[in-house]
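Below: protein-v1.cif (mmCIF, C-alpha atoms and all ligand atoms)
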data_data
#
loop_
_atom_site.group_PDB
_atom_site.id
_atom_site.type_symbol
_atom_site.label_atom_id
_atom_site.label_comp_id
_atom_site.auth_asym_id
_atom_site.auth_seq_id
_atom_site.Cartn_x
_atom_site.Cartn_y
_atom_site.Cartn_z
ATOM 1 C CA MET V 1 -52.624 73.050 171.672
ATOM 2 C CA THR V 2 -49.338 73.791 169.937
ATOM 3 C CA PRO V 3 -47.760 77.136 170.782
ATOM 4 C CA ASP V 4 -45.506 78.954 168.362
ATOM 5 C CA VAL V 5 -41.992 79.160 169.816
ATOM 6 C CA LYS V 6 -39.386 81.701 168.771
ATOM 7 C CA ALA V 7 -35.882 81.259 170.205
ATOM 8 C CA PHE V 8 -33.255 83.954 170.810
ATOM 9 C CA PHE V 9 -29.725 82.663 171.366
ATOM 10 C CA ASP V 10 -27.184 84.750 173.285
ATOM 11 C CA GLN V 11 -23.753 83.543 172.298
ATOM 12 C CA ALA V 12 -22.004 85.518 175.061
ATOM 13 C CA THR V 13 -23.672 83.389 177.756
ATOM 14 C CA ASN V 14 -24.897 80.411 175.687
ATOM 15 C CA THR V 15 -28.411 81.215 176.893
ATOM 16 C CA VAL V 16 -31.597 80.582 174.942
ATOM 17 C CA SER V 17 -34.557 82.908 175.585
ATOM 18 C CA TYR V 18 -37.978 82.098 174.199
ATOM 19 C CA VAL V 19 -41.099 83.947 173.126
ATOM 20 C CA VAL V 20 -44.010 81.500 173.298
ATOM 21 C CA ARG V 21 -47.252 82.603 171.668
ATOM 22 C CA GLU V 22 -50.704 81.139 171.299
ATOM 23 C CA PRO V 23 -51.329 79.704 167.810
ATOM 24 C CA GLN V 24 -54.237 82.053 167.107
ATOM 25 C CA GLY V 25 -54.174 85.456 168.748
ATOM 26 C CA GLY V 26 -51.341 87.526 170.105
ATOM 27 C CA ALA V 27 -50.908 86.543 173.744
ATOM 28 C CA CYS V 28 -47.398 85.416 174.620
ATOM 29 C CA ALA V 29 -44.925 84.614 177.370
ATOM 30 C CA VAL V 30 -41.206 85.402 177.446
ATOM 31 C CA ILE V 31 -38.964 82.817 179.111
ATOM 32 C CA ASP V 32 -35.441 83.395 180.492
ATOM 33 C CA SER V 33 -34.464 86.767 179.055
ATOM 34 C CA VAL V 34 -30.905 88.149 179.070
ATOM 35 C CA LEU V 35 -29.558 91.558 180.089
ATOM 36 C CA ASP V 36 -26.134 91.910 178.477
ATOM 37 C CA PHE V 37 -23.377 92.599 180.992
ATOM 38 C CA ASP V 38 -19.709 93.352 180.476
ATOM 39 C CA GLN V 39 -18.036 92.446 183.728
ATOM 40 C CA ALA V 40 -14.756 94.223 182.941
ATOM 41 C CA SER V 41 -16.428 97.619 182.564
ATOM 42 C CA GLY V 42 -19.477 96.996 184.757
ATOM 43 C CA ARG V 43 -21.701 98.114 181.868
ATOM 44 C CA THR V 44 -25.084 96.671 180.980
ATOM 45 C CA ASP V 45 -26.590 96.663 177.505
ATOM 46 C CA THR V 46 -30.062 95.840 176.228
ATOM 47 C CA LYS V 47 -29.194 94.491 172.784
ATOM 48 C CA SER V 48 -30.432 90.968 173.542
ATOM 49 C CA ALA V 49 -33.591 92.208 175.256
ATOM 50 C CA ASP V 50 -34.277 94.698 172.468
ATOM 51 C CA ALA V 51 -34.290 91.844 169.938
ATOM 52 C CA ILE V 52 -37.145 90.307 171.912
ATOM 53 C CA ILE V 53 -38.940 93.650 172.167
ATOM 54 C CA ASP V 54 -38.606 94.198 168.409
ATOM 55 C CA HIS V 55 -40.064 90.747 167.735
ATOM 56 C CA VAL V 56 -42.973 91.341 170.106
ATOM 57 C CA LYS V 57 -43.750 94.694 168.508
ATOM 58 C CA GLN V 58 -43.360 93.492 164.925
ATOM 59 C CA GLN V 59 -45.665 90.552 165.543
ATOM 60 C CA GLY V 60 -48.141 92.677 167.475
ATOM 61 C CA LEU V 61 -47.909 90.384 170.514
ATOM 62 C CA ARG V 62 -49.308 91.000 173.976
ATOM 63 C CA VAL V 63 -46.859 89.909 176.686
ATOM 64 C CA GLU V 64 -48.692 88.414 179.633
ATOM 65 C CA TRP V 65 -45.835 86.614 181.377
ATOM 66 C CA ILE V 66 -42.114 87.099 181.820
ATOM 67 C CA LEU V 67 -41.004 83.785 183.259
ATOM 68 C CA GLU V 68 -37.778 82.572 184.806
ATOM 69 C CA THR V 69 -37.035 78.856 185.056
ATOM 70 C CA HIS V 70 -34.691 79.607 187.999
ATOM 71 C CA VAL V 71 -32.224 82.100 189.454
ATOM 72 C CA HIS V 72 -29.605 81.949 186.733
ATOM 73 C CA ALA V 73 -25.935 81.986 187.650
ATOM 74 C CA ASP V 74 -24.538 82.719 184.224
ATOM 75 C CA HIS V 75 -26.462 85.711 182.928
ATOM 76 C CA LEU V 76 -28.458 88.650 184.246
ATOM 77 C CA SER V 77 -32.209 88.647 183.677
ATOM 78 C CA ALA V 78 -33.737 91.448 181.625
ATOM 79 C CA ALA V 79 -37.169 90.882 183.195
ATOM 80 C CA PRO V 80 -37.640 94.378 184.714
ATOM 81 C CA TYR V 81 -36.513 96.097 181.501
ATOM 82 C CA LEU V 82 -38.855 93.949 179.418
ATOM 83 C CA GLN V 83 -41.706 94.570 181.819
ATOM 84 C CA GLU V 84 -41.188 98.321 181.615
ATOM 85 C CA GLN V 85 -41.107 98.224 177.801
ATOM 86 C CA ILE V 86 -43.718 95.606 176.903
ATOM 87 C CA GLY V 87 -45.526 94.613 180.105
ATOM 88 C CA GLY V 88 -46.162 91.176 181.583
ATOM 89 C CA GLU V 89 -46.022 89.653 185.058
ATOM 90 C CA ILE V 90 -42.693 88.292 186.301
ATOM 91 C CA GLY V 91 -42.928 84.719 187.600
ATOM 92 C CA ILE V 92 -40.508 82.217 189.186
ATOM 93 C CA GLY V 93 -40.665 79.198 191.522
ATOM 94 C CA ASP V 94 -41.732 79.736 195.118
ATOM 95 C CA ARG V 95 -38.543 78.061 196.395
ATOM 96 C CA ILE V 96 -36.790 81.257 195.329
ATOM 97 C CA THR V 97 -36.999 82.036 199.038
ATOM 98 C CA MET V 98 -34.385 79.327 199.705
ATOM 99 C CA VAL V 99 -32.062 80.854 197.130
ATOM 100 C CA GLN V 100 -32.647 84.337 198.573
ATOM 101 C CA ASP V 101 -31.905 83.049 202.045
ATOM 102 C CA THR V 102 -28.654 81.348 200.999
ATOM 103 C CA PHE V 103 -27.324 84.194 198.890
ATOM 104 C CA GLY V 104 -28.696 86.943 201.123
ATOM 105 C CA LYS V 105 -26.159 85.599 203.629
ATOM 106 C CA VAL V 106 -23.345 85.133 201.091
ATOM 107 C CA PHE V 107 -23.712 88.776 200.020
ATOM 108 C CA ASN V 108 -24.529 90.044 203.547
ATOM 109 C CA GLU V 109 -27.549 91.874 202.154
ATOM 110 C CA GLY V 110 -29.021 93.001 205.464
ATOM 111 C CA THR V 111 -32.649 93.436 206.356
ATOM 112 C CA GLU V 112 -33.724 95.626 203.433
ATOM 113 C CA PHE V 113 -33.316 92.611 201.131
ATOM 114 C CA GLN V 114 -36.593 90.704 201.455
ATOM 115 C CA ARG V 115 -36.246 86.914 201.342
ATOM 116 C CA ASP V 116 -39.918 86.193 200.722
ATOM 117 C CA GLY V 117 -39.921 86.350 196.912
ATOM 118 C CA SER V 118 -41.917 89.596 196.999
ATOM 119 C CA GLN V 119 -39.734 91.134 194.267
ATOM 120 C CA PHE V 120 -41.582 88.871 191.798
ATOM 121 C CA ASP V 121 -45.205 89.242 190.670
ATOM 122 C CA ALA V 122 -45.985 85.514 190.847
ATOM 123 C CA LEU V 123 -44.444 82.618 192.754
ATOM 124 C CA PHE V 124 -45.331 79.241 191.241
ATOM 125 C CA LYS V 125 -45.369 75.944 193.034
ATOM 126 C CA GLU V 126 -45.654 72.367 191.838
ATOM 127 C CA GLY V 127 -48.979 71.778 190.114
ATOM 128 C CA ASP V 128 -49.827 75.436 189.545
ATOM 129 C CA SER V 129 -51.079 76.541 186.160
ATOM 130 C CA PHE V 130 -51.196 79.897 184.402
ATOM 131 C CA HIS V 131 -52.751 81.175 181.205
ATOM 132 C CA PHE V 132 -52.049 83.518 178.339
ATOM 133 C CA GLY V 133 -54.747 83.864 175.704
ATOM 134 C CA GLN V 134 -55.938 80.340 174.935
ATOM 135 C CA MET V 135 -52.734 78.728 176.180
ATOM 136 C CA ARG V 136 -52.388 77.074 179.516
ATOM 137 C CA GLY V 137 -49.030 76.522 181.173
ATOM 138 C CA ASP V 138 -48.444 73.870 183.830
ATOM 139 C CA VAL V 139 -45.718 74.154 186.415
ATOM 140 C CA LEU V 140 -43.468 71.255 187.351
ATOM 141 C CA HIS V 141 -41.100 71.804 190.251
ATOM 142 C CA THR V 142 -37.882 70.244 188.905
ATOM 143 C CA PRO V 143 -35.131 70.869 191.492
ATOM 144 C CA GLY V 144 -31.588 69.542 191.335
ATOM 145 C CA HIS V 145 -29.602 72.186 189.458
ATOM 146 C CA THR V 146 -30.998 74.634 192.039
ATOM 147 C CA PRO V 147 -33.707 74.063 194.669
ATOM 148 C CA ALA V 148 -36.119 76.442 192.920
ATOM 149 C CA CYS V 149 -35.932 75.220 189.303
ATOM 150 C CA LEU V 150 -39.187 74.941 187.368
ATOM 151 C CA THR V 151 -40.174 73.355 184.087
ATOM 152 C CA TYR V 152 -42.991 75.131 182.262
ATOM 153 C CA VAL V 153 -45.139 72.796 180.159
ATOM 154 C CA ILE V 154 -47.090 74.890 177.649
ATOM 155 C CA GLY V 155 -49.195 72.826 175.258
ATOM 156 C CA ASP V 156 -46.867 70.307 173.595
ATOM 157 C CA ALA V 157 -43.730 72.239 174.604
ATOM 158 C CA ALA V 158 -41.656 71.863 177.784
ATOM 159 C CA PHE V 159 -39.263 74.641 178.790
ATOM 160 C CA VAL V 160 -36.859 72.755 180.993
ATOM 161 C CA GLY V 161 -34.354 75.488 181.901
ATOM 162 C CA ASP V 162 -31.160 73.887 183.215
ATOM 163 C CA THR V 163 -32.312 70.340 183.866
ATOM 164 C CA LEU V 164 -31.741 68.601 180.556
ATOM 165 C CA PHE V 165 -29.522 70.017 177.835
ATOM 166 C CA MET V 166 -29.385 68.719 174.275
ATOM 167 C CA PRO V 167 -29.092 64.900 174.234
ATOM 168 C CA ASP V 168 -25.459 64.994 173.083
ATOM 169 C CA PHE V 169 -24.495 67.380 175.909
ATOM 170 C CA GLY V 170 -26.415 65.831 178.791
ATOM 171 C CA THR V 171 -27.556 67.538 181.974
ATOM 172 C CA ALA V 172 -26.868 70.554 184.192
ATOM 173 C CA ARG V 173 -24.429 70.795 187.087
ATOM 174 C CA CYS V 174 -25.770 70.220 190.591
ATOM 175 C CA ASP V 175 -23.021 71.695 192.769
ATOM 176 C CA PHE V 176 -24.479 75.122 193.527
ATOM 177 C CA PRO V 177 -25.891 75.682 197.049
ATOM 178 C CA GLY V 178 -29.063 73.612 197.433
ATOM 179 C CA GLY V 179 -28.274 71.584 194.293
ATOM 180 C CA SER V 180 -28.639 67.807 194.314
ATOM 181 C CA PRO V 181 -27.862 65.260 191.598
ATOM 182 C CA LYS V 182 -30.353 62.844 193.108
ATOM 183 C CA ALA V 183 -33.070 65.501 192.994
ATOM 184 C CA LEU V 184 -32.111 66.326 189.402
ATOM 185 C CA PHE V 185 -32.356 62.658 188.442
ATOM 186 C CA ASN V 186 -35.870 62.478 189.884
ATOM 187 C CA SER V 187 -36.882 65.761 188.230
ATOM 188 C CA ILE V 188 -35.667 64.501 184.872
ATOM 189 C CA GLN V 189 -37.730 61.319 185.259
ATOM 190 C CA ARG V 190 -40.796 63.536 185.581
ATOM 191 C CA ILE V 191 -39.940 65.399 182.380
ATOM 192 C CA LEU V 192 -39.300 62.099 180.594
ATOM 193 C CA ALA V 193 -42.736 60.890 181.705
ATOM 194 C CA LEU V 194 -44.319 63.485 179.383
ATOM 195 C CA PRO V 195 -45.465 62.141 175.973
ATOM 196 C CA ASP V 196 -42.539 61.174 173.701
ATOM 197 C CA GLU V 197 -43.501 63.770 171.092
ATOM 198 C CA THR V 198 -43.349 66.647 173.617
ATOM 199 C CA ARG V 199 -41.009 69.324 172.308
ATOM 200 C CA VAL V 200 -38.203 70.045 174.787
ATOM 201 C CA PHE V 201 -36.618 73.514 174.763
ATOM 202 C CA VAL V 202 -33.390 73.778 176.757
ATOM 203 C CA GLY V 203 -32.040 76.825 178.591
ATOM 204 C CA HIS V 204 -28.478 76.695 177.279
ATOM 205 C CA ASP V 205 -26.424 75.131 174.554
ATOM 206 C CA TYR V 206 -22.647 74.735 174.368
ATOM 207 C CA LYS V 207 -22.526 72.588 171.221
ATOM 208 C CA ALA V 208 -21.046 69.145 171.858
ATOM 209 C CA PRO V 209 -18.142 67.144 170.446
ATOM 210 C CA GLY V 210 -18.852 66.584 166.768
ATOM 211 C CA ARG V 211 -21.610 69.202 166.512
ATOM 212 C CA ASP V 212 -20.866 72.484 164.725
ATOM 213 C CA ASP V 213 -24.094 74.379 165.337
ATOM 214 C CA PHE V 214 -25.906 75.562 168.421
ATOM 215 C CA ALA V 215 -29.197 73.745 169.032
ATOM 216 C CA TRP V 216 -31.928 74.019 171.654
ATOM 217 C CA GLU V 217 -34.941 71.991 170.572
ATOM 218 C CA THR V 218 -35.375 68.263 170.982
ATOM 219 C CA THR V 219 -38.129 65.902 172.180
ATOM 220 C CA VAL V 220 -38.832 63.754 175.208
ATOM 221 C CA GLY V 221 -38.467 60.658 172.996
ATOM 222 C CA GLU V 222 -35.012 61.764 171.814
ATOM 223 C CA GLN V 223 -33.907 62.562 175.358
ATOM 224 C CA LYS V 224 -34.991 59.128 176.586
ATOM 225 C CA GLU V 225 -33.151 57.384 173.807
ATOM 226 C CA LEU V 226 -30.075 59.533 173.317
ATOM 227 C CA ASN V 227 -29.230 61.727 176.319
ATOM 228 C CA VAL V 228 -25.606 60.945 177.136
ATOM 229 C CA HIS V 229 -26.124 61.415 180.886
ATOM 230 C CA ILE V 230 -29.509 59.885 181.433
ATOM 231 C CA GLY V 231 -30.745 58.091 178.321
ATOM 232 C CA LYS V 232 -31.499 54.400 177.979
ATOM 233 C CA GLY V 233 -32.533 53.964 181.596
ATOM 234 C CA ARG V 234 -29.357 54.934 183.490
ATOM 235 C CA ASP V 235 -29.920 54.351 187.209
ATOM 236 C CA VAL V 236 -29.770 56.955 189.935
ATOM 237 C CA GLU V 237 -26.548 55.757 191.611
ATOM 238 C CA ASP V 238 -24.717 55.790 188.326
ATOM 239 C CA PHE V 239 -26.065 59.254 187.478
ATOM 240 C CA VAL V 240 -25.143 60.729 190.875
ATOM 241 C CA ARG V 241 -21.601 59.327 190.641
ATOM 242 C CA MET V 242 -21.156 60.709 187.118
ATOM 243 C CA ARG V 243 -22.576 64.134 188.096
ATOM 244 C CA ASP V 244 -20.453 64.438 191.269
ATOM 245 C CA GLU V 245 -17.270 63.529 189.396
ATOM 246 C CA ARG V 246 -17.997 65.918 186.572
ATOM 247 C CA ASP V 247 -19.113 68.827 188.801
ATOM 248 C CA ALA V 248 -15.855 68.551 190.783
ATOM 249 C CA THR V 249 -13.988 69.567 187.607
ATOM 250 C CA LEU V 250 -16.101 72.656 186.786
ATOM 251 C CA GLY V 251 -15.069 76.217 187.607
ATOM 252 C CA MET V 252 -17.615 78.851 188.684
ATOM 253 C CA PRO V 253 -19.579 80.468 185.826
ATOM 254 C CA ARG V 254 -17.948 83.720 184.725
ATOM 255 C CA LEU V 255 -20.921 85.891 185.726
ATOM 256 C CA ILE V 256 -22.139 84.029 188.825
ATOM 257 C CA LEU V 257 -21.507 86.880 191.289
ATOM 258 C CA PRO V 258 -23.310 89.656 189.381
ATOM 259 C CA SER V 259 -25.985 87.268 188.074
ATOM 260 C CA ILE V 260 -27.141 85.987 191.428
ATOM 261 C CA GLN V 261 -27.136 89.404 193.103
ATOM 262 C CA VAL V 262 -29.376 90.763 190.365
ATOM 263 C CA ASN V 263 -31.520 87.718 189.586
ATOM 264 C CA MET V 264 -32.441 87.020 193.213
ATOM 265 C CA ARG V 265 -33.980 90.524 193.095
ATOM 266 C CA ALA V 266 -36.094 89.596 190.058
ATOM 267 C CA GLY V 267 -33.530 91.280 187.795
ATOM 268 C CA GLN V 268 -33.378 94.557 189.720
ATOM 269 C CA MET V 269 -30.019 96.075 190.626
ATOM 270 C CA PRO V 270 -29.259 96.625 194.328
ATOM 271 C CA HIS V 271 -30.448 99.975 195.721
ATOM 272 C CA GLU V 272 -28.632 103.110 194.647
ATOM 273 C CA ASP V 273 -26.477 104.919 197.166
ATOM 274 C CA ASP V 274 -27.194 108.548 198.107
ATOM 275 C CA ALA V 275 -25.417 109.795 195.005
ATOM 276 C CA GLY V 276 -27.354 107.461 192.694
ATOM 277 C CA ASN V 277 -24.527 104.953 192.168
ATOM 278 C CA VAL V 278 -25.156 101.223 191.972
ATOM 279 C CA PHE V 279 -22.608 98.664 193.132
ATOM 280 C CA LEU V 280 -22.359 94.883 193.053
ATOM 281 C CA LYS V 281 -20.314 92.978 195.609
ATOM 282 C CA ILE V 282 -17.498 90.473 195.216
ATOM 283 C CA PRO V 283 -17.443 88.305 198.344
ATOM 284 C CA ILE V 284 -13.912 87.014 198.927
ATOM 285 C CA ASN V 285 -13.429 83.272 199.456
ATOM 286 C CA LYS V 286 -17.132 82.630 199.956
ATOM 287 C CA LEU V 287 -18.026 80.531 196.919
HETATM 288 FE FE FE Z 301 -28.717 77.778 185.596
#
Rewrite the structure from the file as structure tokens, please.
Ligand SMILES: [Fe+2]
Amino acid sequence: MTPDVKAFFDQATNTVSYVVREPQGGACAVIDSVLDFDQASGRTDTKSADAIIDHVKQQGLRVEWILETHVHADHLSAAPYLQEQIGGEIGIGDRITMVQDTFGKVFNEGTEFQRDGSQFDALFKEGDSFHFGQMRGDVLHTPGHTPACLTYVIGDAAFVGDTLFMPDFGTARCDFPGGSPKALFNSIQRILALPDETRVFVGHDYKAPGRDDFAWETTVGEQKELNVHIGKGRDVEDFVRMRDERDATLGMPRLILPSIQVNMRAGQMPHEDDAGNVFLKIPINKL
């Protein structure tokens, strides 16, 4: 079955969010939403999320799932806001517990921060499936960028998060805690084993040399043939060497500190203090 896919591109964080709906009927899933955040002022905004809400309402859709491909390090998730406005269950990979454990320590979150994934409504593991309307989604555990990354295969469409990017841009970094270029290589092989005509929807786009427009949709066949990091049968040693060299040159994402603190809580802010204020932490010399 071929779902209808509507993309929402956030230029501030280069993130692509998706609303995936069944071809007949109004059931849908939202994947990788964005809560706008201005770090300088500490202010959040719901402009990006409201665009999704408007679309859902205009189309008369019924949101059954609000899915995350992983704990994002470059934008805050709008999952709780979307859930409050339009419903849906919030799902992520069950290895989120590893990410919570690592960053619970980095941010010294103490015992009130649960590291069992219980902030989410559903924790998916390899081989799980889920449904919305007539659509079935299958879960592939595709670690490498982070240990908890998932790919959601819904009909003929694969939502690969930060594993593969557009063929002319390549693949995601693997230098965050728990990341592994070897694991990413193996995960990508599993995505490339899907039928060639499978539509591939990526989690980010940064353009690429010689390309003027943002893009986010490609196919397994195109990735196999053209991906500059992995295409045409590049071997694992070569890939790991390339990834390690490239990752060593990359700075931390601009919003990594706020993003992880919020996203590891399923998009919730840390608890308010007695006066109702909310704070995020900046750990010094930890990352
Ligand atoms: Fe990411």
Please find the residues contacting ligand FE 301 (chain Z) at a distance of at most 10 Å between atoms, with all atoms listed in the file counted, and report them as a JSON list (two decimals) with C-alpha atoms, keeping the file's coordinate frame.
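Once written, pocket.json looks like this:
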[["chain", "number", "residue", "atom", "x", "y", "z"],
["V", 15, "THR", "CA", -28.41, 81.22, 176.89],
["V", 69, "THR", "CA", -37.03, 78.86, 185.06],
["V", 70, "HIS", "CA", -34.69, 79.61, 188.00],
["V", 71, "VAL", "CA", -32.22, 82.10, 189.45],
["V", 72, "HIS", "CA", -29.60, 81.95, 186.73],
["V", 73, "ALA", "CA", -25.94, 81.99, 187.65],
["V", 74, "ASP", "CA", -24.54, 82.72, 184.22],
["V", 75, "HIS", "CA", -26.46, 85.71, 182.93],
["V", 145, "HIS", "CA", -29.60, 72.19, 189.46],
["V", 146, "THR", "CA", -31.00, 74.63, 192.04],
["V", 149, "CYS", "CA", -35.93, 75.22, 189.30],
["V", 161, "GLY", "CA", -34.35, 75.49, 181.90],
["V", 162, "ASP", "CA", -31.16, 73.89, 183.22],
["V", 163, "THR", "CA", -32.31, 70.34, 183.87],
["V", 172, "ALA", "CA", -26.87, 70.55, 184.19],
["V", 173, "ARG", "CA", -24.43, 70.80, 187.09],
["V", 174, "CYS", "CA", -25.77, 70.22, 190.59],
["V", 176, "PHE", "CA", -24.48, 75.12, 193.53],
["V", 203, "GLY", "CA", -32.04, 76.82, 178.59],
["V", 204, "HIS", "CA", -28.48, 76.69, 177.28],
["V", 253, "PRO", "CA", -19.58, 80.47, 185.83],
["V", 256, "ILE", "CA", -22.14, 84.03, 188.82]]
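For the atom pair formed by atom CA of V:Gln100 and atom CA of V:Pro270, the distance is 13.4 Å, given to one decimal.
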Selection dump of the PyMOL selection byres (((chain V and resi 135) around 12) and not hetatm), as a PyMOL selection string: chain V and resi 1-4+20-29+64-65+129-134+136-138+153-157
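Considering the residues V:Gly117, V:Pro80, V:Ile230, V:Asp175 and counting only C-alpha atoms, V:Thr249 has its shortest atom-to-atom contact with V:Asp175.
Applied to the file shown here, the PyMOL selection byres (((chain V and resi 236) around 12) and not hetatm) selects the residues Ser180, Pro181, Lys182, Ala183, Leu184, Phe185, Asn186, Ser187, Ile188, Gln189, His229, Ile230, Gly231, Gly233, Arg234, Asp235, Glu237, Asp238, Phe239, Val240, Arg241, Met242 and Arg243 of chain V.
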Nearest residue to V:Ser118 from the set V:Gly93, V:Pro209, V:Pro177, V:Gly221 (distances using only C-alpha atoms): V:Gly93
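Nearest to V:Met269 of all the residues V:Gln114, V:Gln223, V:Gln59, V:Ser77 is V:Ser77, based on only C-alpha atoms.
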Stretch 276-284 of chain V: which residues within 8 Å, counting all atoms listed in the file, same-chain residues fewer than 5 positions away excluded, as an NGL selection string? :V and (106-107 or 257-258 or 261 or 269-271)
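You will find atom CA of V:Leu287 at 18.3 Å from atom CA of V:Leu76.
As for atom CA of V:Ala12 and atom CA of V:Met166, they are spaced 18.4 Å apart.
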Name every residue that the PyMOL selection byres (((chain V and resi 53) around 12) and not hetatm) selects in this structure, writing the answer as a ChimeraX atom specification with chains first and numbers rising. /V:8,18-19,30,33-34,46-52,54-63,78-79,81-87
Just want the 8 Å neighbourhood of V:Arg95, counted on all atoms listed in the file, with same-chain residues fewer than 4 positions away dropped. Output as a tab-separated table (two decimals) with C-alpha atoms, in the frame of the given file.
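So the final result, stored in around-v5.tsv, reads:
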chain	number	residue	atom	x	y	z
V	99	VAL	CA	-32.06	80.85	197.13
V	125	LYS	CA	-45.37	75.94	193.03
V	147	PRO	CA	-33.71	74.06	194.67
V	148	ALA	CA	-36.12	76.44	192.92
Within 8 Å of stretch 217-220 of chain V, counting all atoms listed in the file, which residues qualify if same-chain residues fewer than 4 places away don't, as a VMD selection string? chain V and resid 166 to 167 191 to 192 194 to 202 224
